[in-house]
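Asks: This is the structure I want to talk about, given as structure tokens.
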Amino acid sequence: MTSFFVLPSQHEELARDEITSISKSYDTKTRVQSSPRLVFVESKVSWKKIASRSTFSRYSGEILDTFEDSSQIDLSITKPESFVCRTINLSSKKIGTSLERQVGGILKKKWDSQVSLSNPHLTVYVIVTDDKKYLGIADNIVTPVHPIKSVKHPHEIDMKLGRCVVNLSQLNEGKTLCDPFCGTGTILLEAESMGINAIGIDYDKIMCKITSKNLAANGFRSRVINSQYNKMLDFKDEIDGIVTDLPYGISSRSSIPPQRLVKDFLSIIPKRKKLVMVYKKGLEVEEMNKAKKYEIYRHKSLTRVIGVLS
């Protein structure tokens with residue numbers, strides 16, 4: 001099966017790699033092809049599974065065919081009770097509604113199905129790129145469900161980015177993640193919402209209490225430990241990956257200089273454990289030279305970097 005995922009124009013590389021990471025966490029033989037803002041995934045993993053986890057995919061479904069002219073369209077699938085046709089223009093040219101109307105008219109004549117704009121049983125996507133026209137379908141709209149965040153903090157990682165960094169770790173259900181700077185628990189919450197076990201560590205008692213409240217609001221049971229980040233070594237045989245957002249500025253409450261904190265933290269990462277680390281740009285250290293990196297601009301004085309290190 002070939003699935004498609006339409007990506008936002010912002011953070012496109014990060015969005016593409018998130019899709020790839022989710023797919024490969026379930027199927028190592030996954031094959032991925034991409035063009036601007038469009039990803040095709042050949043995998044035994046359903047598009048719905050990937051879309052339910054992905055932060056950034058805007059539209060998703062199954063690719064059925066390509067076509068040159070709308071008169072060539074012949075979707076050999078079971079007649080839907082109702083459908084709607086949507087055009088997604090990823091080309092450099094402006095496209096009106098004529099193609100959408102043509103394809104919709106052909107399918108209505110073929111199927112004799114009701115057209116429903118608000119609640120269709122099937123959505124037919126006409127995806128237009130500079131090179132090809134694709135036909136895709138989806139029998140429902142799948143979006144990730146974020147957990148409840150009852151107590152927040154101004155310097156915390158946002159929920160969408162928290163889910164993304166968990167996905168970049170390529171951990172799936174039943175695996176165990178450790179966040180040694182768990183703060184208010186965003187990463188733990190997103191991990192548990194996807195069936196991933198989680199252990200949170202933070203040296204700030206107040207943050208640990210907030211995390212525990214946020215977990216309880218969702219009925220989650222991640223362990224939260226008030227300790228220094230080196231406490232994760234006690235769980236090195238239990239955890240499968242480390243995903244964390246390093247504290248910065250006034251939120252760090254640490255006497256250790258930020259760059260020294262990064263070096264010390266990286267020096268104790270257990271071997272053969274995947275690391276996904278978010279940190280402030282400018283804190284680059286030699287140990288992260290081999291990491292895949294993505295920059296997230298926040299404002300003129302803050303750019304966050306996501307580093308993925310296997």
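By order of appearance in the structure tokens: chains A, B, ..., then residues from 1 within every chain, and ligands from 1 in the order shown.
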Among the residues of stretch 62-113 of chain A, find those DSSP assigns to strand (DSSP E) from the backbone and print them as a short mmCIF file (atom, residue, chain, number, x, y, z; two decimals) with N, CA and C atoms, in the first residue's frame.
Replies:
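Wrote it out as result-v1.cif, contents follow:
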```cif
data_model
loop_
_atom_site.label_atom_id
_atom_site.label_comp_id
_atom_site.auth_asym_id
_atom_site.auth_seq_id
_atom_site.Cartn_x
_atom_site.Cartn_y
_atom_site.Cartn_z
N GLU A 62 -4.60 7.22 1.05
CA GLU A 62 -4.00 6.18 0.21
C GLU A 62 -3.97 6.66 -1.24
N ILE A 63 -2.83 6.50 -1.88
CA ILE A 63 -2.69 6.85 -3.30
C ILE A 63 -3.21 5.69 -4.15
N LEU A 64 -4.08 6.01 -5.11
CA LEU A 64 -4.63 4.98 -5.98
C LEU A 64 -4.04 5.01 -7.38
N ASP A 65 -3.78 6.21 -7.92
CA ASP A 65 -3.39 6.27 -9.32
C ASP A 65 -2.84 7.66 -9.65
N THR A 66 -2.27 7.75 -10.83
CA THR A 66 -1.92 9.04 -11.42
C THR A 66 -2.72 9.19 -12.71
N PHE A 67 -2.84 10.41 -13.20
CA PHE A 67 -3.58 10.62 -14.45
C PHE A 67 -3.05 11.87 -15.14
N SER A 82 -21.46 8.29 0.00
CA SER A 82 -21.32 9.71 -0.32
C SER A 82 -19.84 10.03 -0.45
N PHE A 83 -19.54 11.09 -1.16
CA PHE A 83 -18.14 11.46 -1.35
C PHE A 83 -18.01 12.96 -1.57
N VAL A 84 -16.77 13.43 -1.50
CA VAL A 84 -16.44 14.80 -1.87
C VAL A 84 -15.10 14.78 -2.58
N CYS A 85 -14.90 15.66 -3.50
CA CYS A 85 -13.65 15.76 -4.23
C CYS A 85 -12.93 17.04 -3.82
N ARG A 86 -11.66 16.92 -3.44
CA ARG A 86 -10.87 18.06 -3.01
C ARG A 86 -9.58 18.13 -3.83
N THR A 87 -9.21 19.33 -4.24
CA THR A 87 -7.96 19.54 -4.96
C THR A 87 -6.91 20.09 -4.00
N ILE A 88 -5.71 19.51 -4.05
CA ILE A 88 -4.57 20.01 -3.29
C ILE A 88 -3.52 20.44 -4.30
N ASN A 89 -3.33 21.71 -4.42
CA ASN A 89 -2.41 22.24 -5.42
C ASN A 89 -1.02 22.46 -4.80
#
```
Asks: Please identify all polymer residues within 10 Å of stretch 254-265 of chain A, counting only C-alpha atoms, omitting same-chain residues fewer than 2 positions from it, and present them as a list in words.
Replies: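 Counting only C-alpha atoms, the residues come to Pro180, Tyr203, Tyr229, Asn230, Leu246, Pro247, Tyr248, Gly249, Ile250, Ser251, Ser252, Ser267, Ile268, Ile269, Met277, Tyr279, Lys280, Gly282, Leu283, Glu284, Val285, Glu286, Glu287 and Met288 of chain A.
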Asks: Kindly indicate which residue among A:Lys109, A:Lys79, A:Lys300, A:Lys160 lies nearest to A:Ser57, using only C-alpha atoms for the distances.
Replies: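 Of A:Lys109, A:Lys79, A:Lys300, A:Lys160, the one nearest A:Ser57, counting only C-alpha atoms, is A:Lys160.
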Asks: Show which residues sit within 10 Å of A:Met232, as a list in words. Count only C-alpha atoms, and ignore same-chain residues fewer than 4 positions away.
Replies: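 Non-adjacent residues within range: Cys178, Asp179, Pro180, Ile199, Gly200, Ile201, Ile225, Ser227, Gln228, Lys236, Asp237, Glu238, Ile239, Ile242, Ile268, Ile269 and Pro270 of chain A.
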Asks: Please produce, as CSV, a per-residue contact table for stretch 159-266 of chain A versus stretch 131-149 of chain A (criterion: any atom at most 9 Å away, only C-alpha atoms considered), showing the nearest atom pair and its distance in Å to one decimal, sorted by chain then residue number.
Replies:
```
residue,atom,partner,partner_atom,distance
A:Met159,CA,A:His146,CA,7.2
A:Lys160,CA,A:His146,CA,8.1
A:Arg163,CA,A:His146,CA,8.4
A:Thr184,CA,A:Lys149,CA,8.8
A:Gly185,CA,A:Lys149,CA,8.8
A:Thr186,CA,A:Lys149,CA,7.8
A:Leu189,CA,A:Pro147,CA,6.4
A:Glu190,CA,A:Pro147,CA,6.7
A:Glu192,CA,A:Pro147,CA,8.8
A:Ser193,CA,A:Pro147,CA,6.4
A:Lys213,CA,A:Lys149,CA,9.0
A:Asn214,CA,A:Lys149,CA,5.7
A:Leu215,CA,A:Lys149,CA,8.4
A:Ala217,CA,A:Ile148,CA,6.8
A:Asn218,CA,A:Ile148,CA,6.3
```
Asks: Tell me which protein, DNA and RNA residues are within 10 Å of A:Gly195, counting only C-alpha atoms, leaving out same-chain ones fewer than 5 positions away, and put them as a CSV table (one decimal) with C-alpha atoms, in the first residue's frame.
Replies:
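Output contents, as saved in part_31.csv:
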```csv
chain,number,residue,atom,x,y,z
A,171,LEU,CA,9.8,4.4,19.7
A,172,ASN,CA,6.5,2.7,19.5
A,173,GLU,CA,3.9,1.1,21.8
A,174,GLY,CA,5.4,-0.8,24.7
A,175,LYS,CA,8.9,0.8,24.5
A,176,THR,CA,10.2,3.0,27.3
A,190,GLU,CA,2.7,12.8,24.4
```
Asks: Which residues are near A:Glu81? Cut-off 7 Å, only C-alpha atoms, ignore same chain within fewer than 3 positions. Put them as a CSV table (one decimal) with N, CA, C and O atoms, in the first residue's frame.
Replies:
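Result file is result-v1.csv:
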```csv
chain,number,residue,atom,x,y,z
A,113,SER,N,-23.3,8.3,-6.6
A,113,SER,CA,-23.3,8.5,-5.1
A,113,SER,C,-23.6,10.0,-4.8
A,113,SER,O,-23.5,10.9,-5.6
A,114,GLN,N,-24.1,10.2,-3.6
A,114,GLN,CA,-24.4,11.5,-3.1
A,114,GLN,C,-23.1,12.3,-2.8
A,114,GLN,O,-22.2,11.8,-2.3
A,121,HIS,N,-18.6,10.0,3.2
A,121,HIS,CA,-18.0,8.7,3.6
A,121,HIS,C,-16.6,8.5,2.9
A,121,HIS,O,-15.9,7.7,3.4
```
Asks: Atom CA of A:Ile50 to atom CA of A:Ile22: how many Å, to one decimal?
Replies: 6.2 Å
Asks: Report the distance between atom CA of A:Val308 and atom CA of A:Leu168 in Å, rounded to one decimal place.
Replies: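 Distance between the two atoms: 7.4 Å.
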Asks: Mind checking which residues fall within 9 Å of A:Arg16, counting only C-alpha atoms, ignoring those fewer than 4 positions away in the same chain, and posting them as a tab-separated table (two decimals) with all heavy atoms, in the first residue's frame?
Replies:
```
chain	number	residue	atom	x	y	z
A	5	PHE	N	1.14	11.83	2.30
A	5	PHE	CA	1.05	12.81	3.37
A	5	PHE	C	1.44	14.17	2.81
A	5	PHE	O	2.52	14.32	2.24
A	5	PHE	CB	1.96	12.43	4.55
A	5	PHE	CG	1.65	11.09	5.13
A	5	PHE	CD1	2.24	9.94	4.61
A	5	PHE	CD2	0.72	10.96	6.15
A	5	PHE	CE1	1.92	8.70	5.12
A	5	PHE	CE2	0.40	9.70	6.67
A	5	PHE	CZ	1.01	8.58	6.15
A	7	LEU	N	2.49	17.94	3.46
A	7	LEU	CA	3.19	18.61	4.55
A	7	LEU	C	2.99	20.12	4.50
A	7	LEU	O	2.72	20.68	3.44
A	7	LEU	CB	4.69	18.29	4.45
A	7	LEU	CG	5.08	16.82	4.32
A	7	LEU	CD1	6.59	16.69	4.19
A	7	LEU	CD2	4.56	16.00	5.49
A	11	HIS	N	8.85	24.12	8.23
A	11	HIS	CA	9.48	22.94	8.84
A	11	HIS	C	9.26	21.68	7.99
A	11	HIS	O	8.99	20.60	8.52
A	11	HIS	CB	8.95	22.70	10.26
A	11	HIS	CG	9.01	23.89	11.15
A	11	HIS	ND1	10.13	24.70	11.26
A	11	HIS	CD2	8.08	24.45	11.97
A	11	HIS	CE1	9.90	25.68	12.11
A	11	HIS	NE2	8.66	25.56	12.55
A	12	GLU	N	9.39	21.83	6.68
A	12	GLU	CA	9.07	20.71	5.78
A	12	GLU	C	9.99	19.51	6.00
A	12	GLU	O	9.54	18.37	6.02
A	12	GLU	CB	9.15	21.18	4.33
A	12	GLU	CG	8.72	20.11	3.34
A	12	GLU	CD	8.76	20.60	1.91
A	12	GLU	OE1	8.71	21.83	1.68
A	12	GLU	OE2	8.84	19.76	1.01
A	20	THR	N	8.70	9.63	8.24
A	20	THR	CA	9.62	8.51	8.00
A	20	THR	C	9.92	7.76	9.29
A	20	THR	O	9.92	6.52	9.32
A	20	THR	CB	10.93	9.03	7.38
A	20	THR	OG1	10.64	9.72	6.16
A	20	THR	CG2	11.88	7.89	7.08
A	21	SER	N	10.16	8.49	10.37
A	21	SER	CA	10.49	7.87	11.66
A	21	SER	C	9.33	7.03	12.19
A	21	SER	O	9.54	5.91	12.69
A	21	SER	CB	10.86	8.95	12.69
A	21	SER	OG	12.05	9.61	12.33
A	34	SER	N	9.73	11.40	-1.79
A	34	SER	CA	9.15	12.70	-1.51
A	34	SER	C	9.41	13.68	-2.63
A	34	SER	O	10.35	13.55	-3.40
A	34	SER	CB	9.68	13.26	-0.19
A	34	SER	OG	11.07	13.47	-0.27
A	37	ARG	N	6.64	19.20	-0.35
A	37	ARG	CA	5.42	19.17	0.46
A	37	ARG	C	4.60	17.89	0.30
A	37	ARG	O	3.45	17.83	0.71
A	37	ARG	CB	4.55	20.39	0.18
A	37	ARG	CG	5.18	21.71	0.60
A	37	ARG	CD	4.17	22.83	0.56
A	37	ARG	NE	3.02	22.51	1.39
A	37	ARG	CZ	1.83	23.06	1.23
A	37	ARG	NH1	1.62	23.94	0.27
A	37	ARG	NH2	0.83	22.74	2.03
A	38	LEU	N	5.18	16.84	-0.26
A	38	LEU	CA	4.44	15.60	-0.47
A	38	LEU	C	5.34	14.41	-0.18
A	38	LEU	O	6.46	14.33	-0.69
A	38	LEU	CB	3.92	15.54	-1.90
A	38	LEU	CG	3.02	14.38	-2.29
A	38	LEU	CD1	1.74	14.37	-1.45
A	38	LEU	CD2	2.67	14.46	-3.77
A	39	VAL	N	4.85	13.48	0.63
A	39	VAL	CA	5.60	12.27	0.97
A	39	VAL	C	4.77	11.05	0.62
A	39	VAL	O	3.57	10.98	0.93
A	39	VAL	CB	5.95	12.24	2.49
A	39	VAL	CG1	6.61	10.91	2.85
A	39	VAL	CG2	6.86	13.39	2.85
A	56	PHE	N	2.69	16.99	12.01
A	56	PHE	CA	2.73	17.98	10.95
A	56	PHE	C	1.93	17.66	9.69
A	56	PHE	O	1.69	18.56	8.89
A	56	PHE	CB	4.18	18.25	10.54
A	56	PHE	CG	4.97	18.98	11.58
A	56	PHE	CD1	6.00	18.35	12.27
A	56	PHE	CD2	4.71	20.30	11.87
A	56	PHE	CE1	6.73	19.03	13.22
A	56	PHE	CE2	5.43	20.99	12.83
A	56	PHE	CZ	6.45	20.35	13.50
A	57	SER	N	1.53	16.41	9.45
A	57	SER	CA	0.85	16.12	8.18
A	57	SER	C	-0.50	16.85	8.12
A	57	SER	O	-1.29	16.81	9.06
A	57	SER	CB	0.65	14.62	8.01
A	57	SER	OG	-0.19	14.08	9.00
```
Asks: As a ChimeraX atom specification, list the residues of stretch 119-276 of chain A assigned to alpha helix (DSSP H) by DSSP on the backbone atoms of this structure.
Replies: /A:159-168,186-193,205-217,258-267
Asks: What does the structure give for the distance between atom CA of A:Thr55 and atom CA of A:Ile95, in Å to one decimal?
Replies: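 A separation of 27.6 Å between them.
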